[in-house]
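With mmCIF, C-alpha atoms and all ligand atoms inside, this is query35.cif:
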```
data_upload
loop_
_atom_site.group_PDB
_atom_site.id
_atom_site.type_symbol
_atom_site.label_atom_id
_atom_site.label_comp_id
_atom_site.auth_asym_id
_atom_site.auth_seq_id
_atom_site.Cartn_x
_atom_site.Cartn_y
_atom_site.Cartn_z
ATOM 1 C CA MET U 100 15.806 -21.259 8.089
ATOM 2 C CA LYS U 101 18.552 -18.659 8.454
ATOM 3 C CA LYS U 102 21.177 -21.112 7.292
ATOM 4 C CA ILE U 103 19.164 -22.139 4.243
ATOM 5 C CA ILE U 104 18.531 -18.536 3.185
ATOM 6 C CA THR U 105 22.140 -17.522 3.802
ATOM 7 C CA THR U 106 23.320 -20.439 1.691
ATOM 8 C CA LEU U 107 20.782 -19.575 -0.984
ATOM 9 C CA ILE U 108 21.965 -15.962 -1.050
ATOM 10 C CA LEU U 109 25.524 -17.144 -1.399
ATOM 11 C CA ILE U 110 24.790 -19.622 -4.202
ATOM 12 C CA LEU U 111 22.646 -17.175 -6.138
ATOM 13 C CA SER U 112 25.136 -14.331 -5.674
ATOM 14 C CA LEU U 113 27.742 -16.531 -7.290
ATOM 15 C CA ALA U 114 25.364 -17.656 -10.025
ATOM 16 C CA GLY U 115 24.351 -14.045 -10.775
ATOM 17 C CA CYS U 116 20.767 -14.896 -11.623
ATOM 18 C CA ALA U 117 18.141 -12.573 -13.140
ATOM 19 C CA ASN U 118 16.772 -9.850 -10.873
ATOM 20 C CA SER U 119 13.160 -8.843 -10.466
ATOM 21 C CA VAL U 120 13.930 -5.623 -8.569
ATOM 22 C CA PRO U 121 16.776 -3.426 -9.872
ATOM 23 C CA THR U 122 20.057 -3.807 -8.060
ATOM 24 C CA LYS U 123 22.140 -1.030 -6.557
ATOM 25 C CA ASN U 124 23.662 1.203 -9.208
ATOM 26 C CA ILE U 125 27.286 1.490 -8.193
ATOM 27 C CA SER U 126 28.002 4.212 -10.750
ATOM 28 C CA ASN U 127 26.255 6.855 -8.613
ATOM 29 C CA ASP U 128 26.442 7.629 -4.911
ATOM 30 C CA LYS U 129 22.700 7.598 -4.292
ATOM 31 C CA ILE U 130 21.542 5.368 -1.479
ATOM 32 C CA PHE U 131 19.626 2.322 -2.696
ATOM 33 C CA VAL U 132 16.256 1.745 -1.026
ATOM 34 C CA ILE U 133 13.889 -1.205 -1.478
ATOM 35 C CA ALA U 134 10.297 -0.768 -0.289
ATOM 36 C CA THR U 135 7.789 -3.609 -0.260
ATOM 37 C CA LEU U 136 4.476 -1.878 -1.137
ATOM 38 C CA PHE U 137 3.445 1.058 -3.326
ATOM 39 C CA PRO U 138 2.468 3.537 -0.543
ATOM 40 C CA ILE U 139 5.809 3.246 1.257
ATOM 41 C CA TYR U 140 7.731 3.123 -2.037
ATOM 42 C CA ASP U 141 6.046 6.400 -2.951
ATOM 43 C CA PHE U 142 6.812 8.018 0.421
ATOM 44 C CA ALA U 143 10.444 6.857 0.252
ATOM 45 C CA LYS U 144 10.718 8.408 -3.229
ATOM 46 C CA SER U 145 9.261 11.714 -2.039
ATOM 47 C CA ILE U 146 11.563 11.896 0.958
ATOM 48 C CA GLY U 147 14.641 10.446 -0.770
ATOM 49 C CA GLY U 148 14.236 12.779 -3.776
ATOM 50 C CA ASP U 149 17.389 13.155 -5.885
ATOM 51 C CA VAL U 150 19.698 11.422 -3.466
ATOM 52 C CA ALA U 151 18.009 8.008 -3.280
ATOM 53 C CA ASP U 152 17.222 5.279 -5.797
ATOM 54 C CA VAL U 153 14.016 3.620 -4.646
ATOM 55 C CA SER U 154 12.759 0.257 -5.911
ATOM 56 C CA LEU U 155 9.392 -1.373 -5.401
ATOM 57 C CA LEU U 156 9.643 -4.994 -4.286
ATOM 58 C CA VAL U 157 6.124 -6.329 -4.983
ATOM 59 C CA PRO U 158 5.806 -5.936 -8.767
ATOM 60 C CA PRO U 159 3.095 -3.541 -10.050
ATOM 61 C CA GLY U 160 -0.216 -5.283 -10.548
ATOM 62 C CA THR U 161 0.662 -8.120 -8.149
ATOM 63 C CA GLU U 162 -1.717 -8.929 -5.314
ATOM 64 C CA PRO U 163 0.535 -8.381 -2.260
ATOM 65 C CA HIS U 164 -1.391 -10.724 0.041
ATOM 66 C CA GLU U 165 -0.307 -13.576 -2.224
ATOM 67 C CA TYR U 166 3.231 -12.363 -2.907
ATOM 68 C CA GLU U 167 6.391 -14.044 -1.687
ATOM 69 C CA PRO U 168 9.895 -12.784 -2.501
ATOM 70 C CA SER U 169 11.974 -14.760 -4.969
ATOM 71 C CA ALA U 170 15.537 -15.854 -4.316
ATOM 72 C CA SER U 171 16.874 -12.947 -6.364
ATOM 73 C CA ASP U 172 14.677 -10.515 -4.383
ATOM 74 C CA LEU U 173 16.384 -11.797 -1.238
ATOM 75 C CA ILE U 174 19.784 -11.038 -2.705
ATOM 76 C CA ASN U 175 18.753 -7.555 -3.759
ATOM 77 C CA ILE U 176 17.310 -6.793 -0.334
ATOM 78 C CA ASN U 177 20.527 -8.025 1.226
ATOM 79 C CA ASN U 178 22.569 -5.742 -1.043
ATOM 80 C CA ALA U 179 20.450 -2.609 -0.511
ATOM 81 C CA ASP U 180 21.262 0.327 1.796
ATOM 82 C CA VAL U 181 17.759 0.646 3.259
ATOM 83 C CA PHE U 182 14.911 -1.883 3.311
ATOM 84 C CA VAL U 183 11.439 -0.554 4.133
ATOM 85 C CA TYR U 184 8.528 -2.898 4.877
ATOM 86 C CA THR U 185 4.937 -2.400 6.038
ATOM 87 C CA GLY U 186 4.959 -4.835 8.966
ATOM 88 C CA ASP U 187 4.872 -8.555 9.753
ATOM 89 C CA PHE U 188 1.024 -8.494 9.648
ATOM 90 C CA MET U 189 1.172 -7.570 5.928
ATOM 91 C CA GLU U 190 4.434 -9.201 4.885
ATOM 92 C CA LYS U 191 4.018 -12.540 6.605
ATOM 93 C CA TRP U 192 7.238 -13.773 4.988
ATOM 94 C CA ILE U 193 9.367 -11.028 6.573
ATOM 95 C CA LYS U 194 10.849 -13.081 9.410
ATOM 96 C CA GLY U 195 12.509 -15.553 7.064
ATOM 97 C CA VAL U 196 13.970 -12.708 5.003
ATOM 98 C CA LEU U 197 15.273 -10.785 8.013
ATOM 99 C CA ASN U 198 16.819 -13.935 9.430
ATOM 100 C CA GLY U 199 18.730 -14.407 6.209
ATOM 101 C CA ILE U 200 20.195 -10.879 6.021
ATOM 102 C CA THR U 201 23.982 -10.984 6.152
ATOM 103 C CA ASN U 202 24.639 -7.322 5.264
ATOM 104 C CA LYS U 203 25.366 -5.616 8.589
ATOM 105 C CA ASN U 204 25.097 -2.164 6.990
ATOM 106 C CA LEU U 205 21.537 -2.636 5.762
ATOM 107 C CA GLU U 206 19.152 -0.218 7.511
ATOM 108 C CA ILE U 207 15.864 -2.097 8.047
ATOM 109 C CA ILE U 208 12.699 -0.221 8.871
ATOM 110 C CA ASP U 209 9.271 -1.496 9.908
ATOM 111 C CA VAL U 210 7.123 1.539 8.978
ATOM 112 C CA SER U 211 4.219 0.424 11.169
ATOM 113 C CA LYS U 212 6.276 1.307 14.281
ATOM 114 C CA GLY U 213 4.030 3.667 16.247
ATOM 115 C CA THR U 214 0.822 3.049 14.239
ATOM 116 C CA LYS U 215 -2.271 1.513 15.840
ATOM 117 C CA ILE U 216 -3.243 -1.783 14.251
ATOM 118 C CA VAL U 217 -6.942 -2.457 14.746
ATOM 119 C CA ASN U 218 -8.603 -5.921 14.511
ATOM 120 C CA GLY U 219 -5.523 -7.392 12.799
ATOM 121 C CA ASP U 220 -6.256 -5.228 9.731
ATOM 122 C CA PRO U 221 -2.975 -4.909 7.765
ATOM 123 C CA HIS U 222 -4.090 -1.971 5.544
ATOM 124 C CA ILE U 223 -2.505 0.647 7.802
ATOM 125 C CA TRP U 224 -1.724 3.035 4.902
ATOM 126 C CA LEU U 225 -5.428 3.808 4.460
ATOM 127 C CA ASP U 226 -5.352 6.183 7.436
ATOM 128 C CA PHE U 227 -3.775 9.610 6.976
ATOM 129 C CA GLU U 228 -2.585 9.768 10.581
ATOM 130 C CA HIS U 229 -0.728 6.515 9.991
ATOM 131 C CA ASN U 230 0.718 7.935 6.775
ATOM 132 C CA LYS U 231 2.416 10.678 8.753
ATOM 133 C CA ILE U 232 3.942 8.168 11.190
ATOM 134 C CA MET U 233 5.075 5.971 8.284
ATOM 135 C CA ALA U 234 6.662 8.939 6.481
ATOM 136 C CA LYS U 235 8.510 9.976 9.646
ATOM 137 C CA ASN U 236 9.802 6.421 10.142
ATOM 138 C CA ILE U 237 11.112 6.367 6.563
ATOM 139 C CA ALA U 238 12.793 9.773 6.950
ATOM 140 C CA GLU U 239 14.429 8.620 10.172
ATOM 141 C CA ALA U 240 15.901 5.554 8.431
ATOM 142 C CA LEU U 241 17.205 7.594 5.479
ATOM 143 C CA ILE U 242 18.827 10.107 7.827
ATOM 144 C CA LYS U 243 20.437 7.335 9.853
ATOM 145 C CA LYS U 244 21.864 5.785 6.712
ATOM 146 C CA ASN U 245 22.870 9.032 5.046
ATOM 147 C CA PRO U 246 23.259 11.768 7.706
ATOM 148 C CA LYS U 247 24.961 14.248 5.379
ATOM 149 C CA ASN U 248 21.611 14.795 3.602
ATOM 150 C CA LYS U 249 19.643 15.200 6.830
ATOM 151 C CA ASN U 250 18.346 18.701 6.035
ATOM 152 C CA TYR U 251 17.256 17.649 2.563
ATOM 153 C CA TYR U 252 15.304 14.626 3.872
ATOM 154 C CA GLU U 253 13.696 16.731 6.593
ATOM 155 C CA LYS U 254 12.572 19.356 4.083
ATOM 156 C CA ASN U 255 11.059 16.660 1.828
ATOM 157 C CA LEU U 256 9.384 15.064 4.846
ATOM 158 C CA GLN U 257 7.803 18.397 5.804
ATOM 159 C CA ASP U 258 6.499 18.885 2.239
ATOM 160 C CA LEU U 259 4.956 15.410 2.302
ATOM 161 C CA LEU U 260 3.385 15.935 5.751
ATOM 162 C CA ILE U 261 1.749 19.142 4.493
ATOM 163 C CA LYS U 262 0.268 17.232 1.524
ATOM 164 C CA ILE U 263 -1.032 14.500 3.838
ATOM 165 C CA ASP U 264 -2.669 17.102 6.118
ATOM 166 C CA GLY U 265 -4.186 18.717 3.020
ATOM 167 C CA ILE U 266 -5.786 15.528 1.740
ATOM 168 C CA ASP U 267 -6.928 14.573 5.240
ATOM 169 C CA SER U 268 -8.888 17.807 5.550
ATOM 170 C CA ALA U 269 -10.228 17.455 1.982
ATOM 171 C CA TYR U 270 -11.649 14.044 2.966
ATOM 172 C CA LYS U 271 -13.080 15.454 6.200
ATOM 173 C CA THR U 272 -14.812 18.348 4.437
ATOM 174 C CA THR U 273 -16.158 16.330 1.523
ATOM 175 C CA ILE U 274 -17.354 13.347 3.540
ATOM 176 C CA SER U 275 -19.128 15.553 6.073
ATOM 177 C CA SER U 276 -21.374 16.701 3.189
ATOM 178 C CA CYS U 277 -22.287 13.219 1.850
ATOM 179 C CA LYS U 278 -25.958 12.290 1.710
ATOM 180 C CA THR U 279 -25.160 8.549 1.952
ATOM 181 C CA LYS U 280 -22.602 7.203 4.400
ATOM 182 C CA LYS U 281 -22.399 3.597 3.265
ATOM 183 C CA ILE U 282 -19.637 2.208 1.068
ATOM 184 C CA VAL U 283 -20.480 -1.145 -0.544
ATOM 185 C CA TYR U 284 -17.247 -2.711 -1.750
ATOM 186 C CA GLY U 285 -17.102 -5.602 -4.200
ATOM 187 C CA GLY U 286 -13.621 -6.471 -2.982
ATOM 188 C CA HIS U 287 -11.777 -7.407 0.207
ATOM 189 C CA TYR U 288 -12.092 -5.553 3.499
ATOM 190 C CA ALA U 289 -9.305 -3.007 2.941
ATOM 191 C CA PHE U 290 -10.844 0.325 3.988
ATOM 192 C CA GLY U 291 -11.498 -0.284 7.693
ATOM 193 C CA TYR U 292 -9.126 2.503 8.803
ATOM 194 C CA LEU U 293 -10.455 5.048 6.308
ATOM 195 C CA VAL U 294 -14.135 4.496 7.128
ATOM 196 C CA ARG U 295 -13.421 4.592 10.863
ATOM 197 C CA ARG U 296 -11.513 7.856 10.501
ATOM 198 C CA PHE U 297 -14.320 9.578 8.593
ATOM 199 C CA GLY U 298 -17.357 7.988 10.239
ATOM 200 C CA LEU U 299 -18.547 5.983 7.227
ATOM 201 C CA GLU U 300 -20.314 2.627 7.100
ATOM 202 C CA TYR U 301 -18.710 -0.131 5.097
ATOM 203 C CA VAL U 302 -19.608 -3.562 3.789
ATOM 204 C CA ALA U 303 -17.171 -5.635 1.752
ATOM 205 C CA ALA U 304 -17.701 -8.849 -0.190
ATOM 206 C CA GLN U 305 -14.554 -10.454 1.193
ATOM 207 C CA GLY U 306 -12.528 -10.480 4.405
ATOM 208 C CA LEU U 307 -9.195 -8.846 5.264
ATOM 209 C CA SER U 308 -7.436 -10.762 2.506
ATOM 210 C CA PRO U 309 -8.775 -11.431 -1.018
ATOM 211 C CA ASP U 310 -7.925 -15.143 -0.886
ATOM 212 C CA SER U 311 -11.441 -16.563 -0.657
ATOM 213 C CA GLU U 312 -14.356 -16.015 -3.033
ATOM 214 C CA PRO U 313 -17.524 -14.686 -1.417
ATOM 215 C CA THR U 314 -20.221 -17.343 -0.988
ATOM 216 C CA ALA U 315 -23.590 -17.203 -2.773
ATOM 217 C CA ARG U 316 -25.139 -16.222 0.560
ATOM 218 C CA ASP U 317 -22.679 -13.297 0.919
ATOM 219 C CA LEU U 318 -23.633 -12.103 -2.567
ATOM 220 C CA ILE U 319 -27.372 -12.377 -1.945
ATOM 221 C CA ASP U 320 -26.909 -10.452 1.282
ATOM 222 C CA LEU U 321 -24.960 -7.686 -0.503
ATOM 223 C CA VAL U 322 -27.565 -7.470 -3.283
ATOM 224 C CA ASP U 323 -30.292 -7.124 -0.628
ATOM 225 C CA GLN U 324 -28.365 -4.383 1.166
ATOM 226 C CA VAL U 325 -27.929 -2.445 -2.092
ATOM 227 C CA LYS U 326 -31.593 -2.841 -3.079
ATOM 228 C CA ASN U 327 -33.059 -2.111 0.359
ATOM 229 C CA GLY U 328 -30.627 0.696 1.117
ATOM 230 C CA ASN U 329 -31.417 2.419 -2.188
ATOM 231 C CA ILE U 330 -27.695 2.417 -2.996
ATOM 232 C CA LYS U 331 -26.863 3.806 -6.454
ATOM 233 C CA TYR U 332 -23.144 3.012 -6.676
ATOM 234 C CA ILE U 333 -20.950 0.131 -5.649
ATOM 235 C CA PHE U 334 -17.188 0.311 -5.474
ATOM 236 C CA TYR U 335 -14.710 -2.180 -6.897
ATOM 237 C CA GLU U 336 -11.024 -2.724 -6.308
ATOM 238 C CA GLU U 337 -8.134 -2.330 -8.703
ATOM 239 C CA LEU U 338 -6.448 -5.728 -8.583
ATOM 240 C CA SER U 339 -8.966 -8.469 -7.935
ATOM 241 C CA SER U 340 -11.363 -9.241 -10.720
ATOM 242 C CA PRO U 341 -14.322 -6.854 -10.579
ATOM 243 C CA LYS U 342 -16.609 -9.897 -11.066
ATOM 244 C CA VAL U 343 -18.249 -9.555 -7.646
ATOM 245 C CA ALA U 344 -19.001 -5.859 -8.152
ATOM 246 C CA GLU U 345 -20.242 -6.612 -11.704
ATOM 247 C CA THR U 346 -22.624 -9.281 -10.407
ATOM 248 C CA ILE U 347 -24.058 -6.940 -7.771
ATOM 249 C CA SER U 348 -24.263 -4.166 -10.356
ATOM 250 C CA LYS U 349 -26.206 -6.381 -12.790
ATOM 251 C CA GLU U 350 -28.564 -7.595 -10.089
ATOM 252 C CA THR U 351 -29.328 -4.164 -8.664
ATOM 253 C CA GLY U 352 -28.695 -1.624 -11.414
ATOM 254 C CA ALA U 353 -26.149 0.154 -9.170
ATOM 255 C CA LYS U 354 -23.264 1.683 -11.126
ATOM 256 C CA MET U 355 -19.639 0.761 -10.532
ATOM 257 C CA LEU U 356 -16.878 3.073 -9.286
ATOM 258 C CA LEU U 357 -13.204 2.327 -8.624
ATOM 259 C CA LEU U 358 -11.961 2.611 -5.060
ATOM 260 C CA ASN U 359 -8.267 1.826 -5.183
ATOM 261 C CA ASN U 360 -6.880 0.297 -1.992
ATOM 262 C CA LEU U 361 -3.347 1.267 -3.121
ATOM 263 C CA GLU U 362 -1.883 -2.162 -2.520
ATOM 264 C CA SER U 363 -0.482 -1.661 -5.984
ATOM 265 C CA LEU U 364 -0.823 0.540 -9.065
ATOM 266 C CA PRO U 365 -0.538 -0.506 -12.719
ATOM 267 C CA LYS U 366 3.009 -0.263 -14.055
ATOM 268 C CA ASP U 367 2.245 2.593 -16.491
ATOM 269 C CA GLU U 368 0.635 4.718 -13.771
ATOM 270 C CA ILE U 369 3.715 4.324 -11.563
ATOM 271 C CA LYS U 370 5.923 5.117 -14.560
ATOM 272 C CA ASN U 371 3.888 8.258 -15.268
ATOM 273 C CA GLY U 372 4.566 9.431 -11.731
ATOM 274 C CA LYS U 373 1.177 8.950 -10.114
ATOM 275 C CA THR U 374 1.618 9.291 -6.355
ATOM 276 C CA PHE U 375 -0.197 7.798 -3.389
ATOM 277 C CA ILE U 376 -1.734 11.230 -2.730
ATOM 278 C CA ASP U 377 -2.884 11.546 -6.400
ATOM 279 C CA ALA U 378 -4.588 8.157 -6.224
ATOM 280 C CA MET U 379 -6.236 8.998 -2.893
ATOM 281 C CA TYR U 380 -7.640 12.217 -4.445
ATOM 282 C CA GLU U 381 -9.040 10.081 -7.299
ATOM 283 C CA ASN U 382 -10.639 7.864 -4.665
ATOM 284 C CA LEU U 383 -12.158 10.959 -3.069
ATOM 285 C CA ASP U 384 -13.600 12.019 -6.460
ATOM 286 C CA ASN U 385 -15.334 8.653 -6.720
ATOM 287 C CA ILE U 386 -16.496 8.717 -3.093
ATOM 288 C CA LYS U 387 -18.015 12.133 -3.870
ATOM 289 C CA ILE U 388 -20.043 10.626 -6.726
ATOM 290 C CA GLY U 389 -20.840 7.364 -4.964
ATOM 291 C CA LEU U 390 -21.988 8.859 -1.662
ATOM 292 C CA ASP U 391 -23.578 11.972 -3.155
ATOM 293 C CA CYS U 392 -21.366 14.608 -1.519
ATOM 294 C CA LYS U 393 -20.830 18.281 -2.311
HETATM 295 ZN ZN ZN X 401 -5.492 -6.148 1.277
#
```
What is this structure when it is put down as structure tokens?
Ligand SMILES: [Zn+2]
Amino acid sequence: MKKIITTLILILSLAGCANSVPTKNISNDKIFVIATLFPIYDFAKSIGGDVADVSLLVPPGTEPHEYEPSASDLININNADVFVYTGDFMEKWIKGVLNGITNKNLEIIDVSKGTKIVNGDPHIWLDFEHNKIMAKNIAEALIKKNPKNKNYYEKNLQDLLIKIDGIDSAYKTTISSCKTKKIVYGGHYAFGYLVRRFGLEYVAAQGLSPDSEPTARDLIDLVDQVKNGNIKYIFYEELSSPKVAETISKETGAKMLLLNNLESLPKDEIKNGKTFIDAMYENLDNIKIGLDCK
């Protein structure tokens, strides 16, 4: 595997093929960081600030459970200064990529180091305690790569940790006032960490990955739960088709609300500077409506 990838990197480097993630800009002295998923891309940008160029590997709007890096992605990762990934439970292709890395100066960071993975659930970013660990891991990698900006990275890390603490307590306060505690999700089972943290109940139409359609029986069961539980709102996810949520909504009269699992954001929202924290506050606004909270 390693040999094949190394050869591929060599051939494609010579061929100079089209890139899907931007390559290192040699005209400035910023460090070049590639992050696999939106949450860690966003944290790396916050911490790296003006002295890092950060690129997102999984293109906006792409379902990351189904993503695999292209040959040119492999080259760009190999040429970066820092490569940040969520973990081998989310990026199942990571081993092949890491085996093919020939750049000895590339700083590689598994941000899940130190987080607690429960029931094989890969959505570790949907827990604010994990977010703090992930942010610290990213800061550590940036400092290791670029020690002269240590104080700057540490200051940015502190600012981010304060924001994470702020949103964590906003969730705690709001959710403690909710009249309903049950989230019905017409998507895949992404919010296990969040509901566990805040003592909510949660049913999802699909499993840990959105690869299989729910069966008719699953749908009937969800419709029954909504009807019998007197549930007024059902949540849908950003990327997968909202078809499942629409079906339940039609059958039950429950209204639909977006609950973004942050696996990705639309390109224009990323371009307009929406952050992970912004999107999680939007989620909280919808949880407030959906669960009837103060
Ligand atoms: Zn997922």
Test item: residues lying within 9 Å of ligand ZN 401 (chain X) with all atoms listed in the file, as number ranges by chain: U: 162-164, 189, 220-222, 287-290, 306-309, 360-362
Name the residues, using the chain letters and numbers of the file, that sit within 12 Å of (2.3, 8.1, -9.0) when counting only C-alpha atoms, and give them as a ChimeraX atom specification. /U:137-142,144-145,159,361,363-381
Nearest to U:Val322: which of U:Tyr292, U:Tyr166, U:Phe297, U:Tyr284 is it, counting all atoms listed in the file? U:Tyr284
Could you list the residues chosen by the PyMOL selection byres (((chain U and resi 281) around 7) and not hetatm) in this structure as a VMD selection string? chain U and resid 279 to 280 282 to 283 299 to 301
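Remark: for U:Val150, the closest of the candidate residues U:Leu241, U:Ile263, U:Ile125, U:Ala179 is U:Leu241 (distances computed over all atoms listed in the file).
Among the candidates U:Asp384, U:Asp149, U:Glu206, U:Asp226, the residue lying nearest to U:Gly291 is U:Asp226 (atoms considered: only C-alpha atoms).
Atom pair atom CA of U:Leu173 / atom CA of U:Lys194: separated by 12.1 Å.
Between atom CA of U:Asn385 and atom CA of U:Pro341 lies a distance of 16.0 Å.
With only C-alpha atoms as the atoms that count, the minimum distance from U:Ala238 to the choices U:Lys254, U:Ser154, U:Ile319, U:Leu225 is reached by U:Lys254.
Applied to this file, the PyMOL selection byres (((chain U and resi 391) around 10) and not hetatm) selects the residues U:Thr273, U:Ile274, U:Ser276, U:Cys277, U:Lys278, U:Thr279, U:Lys280, U:Lys331, U:Tyr332, U:Asn385, U:Ile386, U:Lys387, U:Ile388, U:Gly389, U:Leu390, U:Cys392, U:Lys393.
Here atom CA of U:Asp128 and atom CA of U:Gly199 stand 25.9 Å from one another.
Look at U:Asn329: the protein and nucleic acid residues within 10 Å of it, using all atoms listed in the file and passing over chain neighbours fewer than 3 places away, are Thr279, Asp323, Gln324, Val325, Lys326, Tyr332, Thr351 and Ala353 of chain U.
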Evaluating the PyMOL selection byres (((chain U and resi 157) around 8) and not hetatm) on the displayed file yields which residues, as a PyMOL selection string? chain U and resi 135-136+155-156+158-159+161+163+166+168
With 8 Å added on each side, what axis-aligned box encloses every listed atom of stretch 181-192 of chain U? Give the centre and edge lengths in Å to one decimal, as lines of an AutoDock Vina configuration file.
```
center_x = 9.4
center_y = -6.6
center_z = 6.5
size_x = 32.7
size_y = 30.4
size_z = 22.5
```
Please determine the residues with any atom at most 10 Å from (23.8, 8.2, 4.1) (coordinates as given in the file, with all atoms listed in the file counting) and report them as number ranges by chain. U: 128-131, 150-151, 180-181, 240-249
Can you rebuild stretch 172-191 of chain U with N, CA and C atoms and give it as a tab-separated table (two decimals), in the coordinates of the input?
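Contents of rebuild07.tsv, freshly written:
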```tsv
chain	number	residue	atom	x	y	z
U	172	ASP	N	15.14	-11.63	-5.23
U	172	ASP	CA	14.68	-10.52	-4.38
U	172	ASP	C	15.47	-10.50	-3.07
U	173	LEU	N	15.66	-11.70	-2.52
U	173	LEU	CA	16.38	-11.80	-1.24
U	173	LEU	C	17.80	-11.24	-1.37
U	174	ILE	N	18.42	-11.54	-2.48
U	174	ILE	CA	19.78	-11.04	-2.70
U	174	ILE	C	19.78	-9.52	-2.82
U	175	ASN	N	18.81	-9.01	-3.57
U	175	ASN	CA	18.75	-7.56	-3.76
U	175	ASN	C	18.46	-6.82	-2.45
U	176	ILE	N	17.58	-7.40	-1.64
U	176	ILE	CA	17.31	-6.79	-0.33
U	176	ILE	C	18.61	-6.78	0.49
U	177	ASN	N	19.29	-7.90	0.46
U	177	ASN	CA	20.53	-8.02	1.23
U	177	ASN	C	21.59	-7.02	0.77
U	178	ASN	N	21.56	-6.67	-0.51
U	178	ASN	CA	22.57	-5.74	-1.04
U	178	ASN	C	22.15	-4.27	-0.99
U	179	ALA	N	20.93	-4.00	-0.53
U	179	ALA	CA	20.45	-2.61	-0.51
U	179	ALA	C	21.06	-1.83	0.65
U	180	ASP	N	20.83	-0.50	0.66
U	180	ASP	CA	21.26	0.33	1.80
U	180	ASP	C	20.16	0.43	2.85
U	181	VAL	N	18.91	0.53	2.35
U	181	VAL	CA	17.76	0.65	3.26
U	181	VAL	C	16.66	-0.29	2.76
U	182	PHE	N	16.04	-1.01	3.66
U	182	PHE	CA	14.91	-1.88	3.31
U	182	PHE	C	13.71	-1.45	4.15
U	183	VAL	N	12.63	-1.07	3.47
U	183	VAL	CA	11.44	-0.55	4.13
U	183	VAL	C	10.29	-1.54	3.94
U	184	TYR	N	9.69	-2.00	5.03
U	184	TYR	CA	8.53	-2.90	4.88
U	184	TYR	C	7.36	-2.42	5.73
U	185	THR	N	6.15	-2.89	5.37
U	185	THR	CA	4.94	-2.40	6.04
U	185	THR	C	4.82	-2.92	7.46
U	186	GLY	N	5.06	-4.23	7.64
U	186	GLY	CA	4.96	-4.84	8.97
U	186	GLY	C	4.74	-6.33	8.81
U	187	ASP	N	4.97	-7.09	9.89
U	187	ASP	CA	4.87	-8.56	9.75
U	187	ASP	C	3.43	-9.03	9.57
U	188	PHE	N	2.43	-8.14	9.85
U	188	PHE	CA	1.02	-8.49	9.65
U	188	PHE	C	0.67	-8.44	8.16
U	189	MET	N	1.42	-7.66	7.38
U	189	MET	CA	1.17	-7.57	5.93
U	189	MET	C	2.14	-8.48	5.18
U	190	GLU	N	3.41	-8.37	5.53
U	190	GLU	CA	4.43	-9.20	4.88
U	190	GLU	C	4.73	-10.38	5.80
U	191	LYS	N	3.93	-11.40	5.67
U	191	LYS	CA	4.02	-12.54	6.60
U	191	LYS	C	5.32	-13.32	6.43
```
